[in-house]
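Undergrad: To start, I am sharing the structure in question, which I have written as structure tokens.
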Amino acid sequence: MRRDDLACANCSGPVSEGRCPVCRAARDQYGRGGGGFYAPLWLILAILAALVCALALEARFA
Ligand SMILES: [Zn+2]
């Protein structure tokens, strides 16, 4: 589903135009999904696993 096709329940305009606060909130919410700040779960898990491995190695050789 494309974001541009969503109609706002408050002002019944296209959400992508951001005519009212409800539009803008919905647009921000959808926009963050594919944005640069969103880290996928597998990436977080991979970083955590790497940290645990590093700590375990450090504890072994310390
Ligand atoms: Zn609206």
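By order in the structure tokens, chains are A, B, ...; within a chain, residues start at 1; ligands start at 1, following the order shown.
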Enumerate the residues of region 6-59 of chain A with a DSSP assignment of helix (DSSP H, G or I), computed from the backbone, and present them as a count of residues only.
TA: 35
Undergrad: Output as JSON lines one row per residue of chain A within 10 Å of ligand 1: the closest atom pair and its distance in Å to one decimal place, counting only C-alpha atoms and all ligand atoms, sorted by chain and residue number ascending.
TA:
{"residue": "A:Ala7", "atom": "CA", "partner": "ligand 1", "partner_atom_place_in_ligand_line": "1 (Zn)", "distance": 7.7}
{"residue": "A:Cys8", "atom": "CA", "partner": "ligand 1", "partner_atom_place_in_ligand_line": "1 (Zn)", "distance": 4.5}
{"residue": "A:Ala9", "atom": "CA", "partner": "ligand 1", "partner_atom_place_in_ligand_line": "1 (Zn)", "distance": 6.4}
{"residue": "A:Asn10", "atom": "CA", "partner": "ligand 1", "partner_atom_place_in_ligand_line": "1 (Zn)", "distance": 4.8}
{"residue": "A:Cys11", "atom": "CA", "partner": "ligand 1", "partner_atom_place_in_ligand_line": "1 (Zn)", "distance": 4.1}
{"residue": "A:Ser12", "atom": "CA", "partner": "ligand 1", "partner_atom_place_in_ligand_line": "1 (Zn)", "distance": 6.0}
{"residue": "A:Gly13", "atom": "CA", "partner": "ligand 1", "partner_atom_place_in_ligand_line": "1 (Zn)", "distance": 5.8}
{"residue": "A:Pro14", "atom": "CA", "partner": "ligand 1", "partner_atom_place_in_ligand_line": "1 (Zn)", "distance": 7.2}
{"residue": "A:Val15", "atom": "CA", "partner": "ligand 1", "partner_atom_place_in_ligand_line": "1 (Zn)", "distance": 6.1}
{"residue": "A:Ser16", "atom": "CA", "partner": "ligand 1", "partner_atom_place_in_ligand_line": "1 (Zn)", "distance": 9.2}
{"residue": "A:Glu17", "atom": "CA", "partner": "ligand 1", "partner_atom_place_in_ligand_line": "1 (Zn)", "distance": 8.3}
{"residue": "A:Gly18", "atom": "CA", "partner": "ligand 1", "partner_atom_place_in_ligand_line": "1 (Zn)", "distance": 6.3}
{"residue": "A:Arg19", "atom": "CA", "partner": "ligand 1", "partner_atom_place_in_ligand_line": "1 (Zn)", "distance": 5.2}
{"residue": "A:Cys20", "atom": "CA", "partner": "ligand 1", "partner_atom_place_in_ligand_line": "1 (Zn)", "distance": 4.3}
{"residue": "A:Pro21", "atom": "CA", "partner": "ligand 1", "partner_atom_place_in_ligand_line": "1 (Zn)", "distance": 6.5}
{"residue": "A:Val22", "atom": "CA", "partner": "ligand 1", "partner_atom_place_in_ligand_line": "1 (Zn)", "distance": 5.1}
{"residue": "A:Cys23", "atom": "CA", "partner": "ligand 1", "partner_atom_place_in_ligand_line": "1 (Zn)", "distance": 4.0}
{"residue": "A:Arg24", "atom": "CA", "partner": "ligand 1", "partner_atom_place_in_ligand_line": "1 (Zn)", "distance": 7.4}
{"residue": "A:Ala25", "atom": "CA", "partner": "ligand 1", "partner_atom_place_in_ligand_line": "1 (Zn)", "distance": 9.1}
{"residue": "A:Ala26", "atom": "CA", "partner": "ligand 1", "partner_atom_place_in_ligand_line": "1 (Zn)", "distance": 8.8}
{"residue": "A:Arg27", "atom": "CA", "partner": "ligand 1", "partner_atom_place_in_ligand_line": "1 (Zn)", "distance": 9.8}
Undergrad: For CA of Glu58 (chain A) and CA of Ile44 (chain A), quote the distance in Å rounded to one decimal.
TA: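 A separation of 21.1 Å between them.
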Undergrad: Report, in Å with one decimal, the straight-line distance from CA of Ala62 (chain A) to CA of Ala50 (chain A).
TA: 18.0 Å
Undergrad: Report, in Å to a single decimal, how far apart CA of Asp28 (chain A) and CA of Asp5 (chain A) are.
TA: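 CA of Asp28 (chain A) lies 15.2 Å from CA of Asp5 (chain A).
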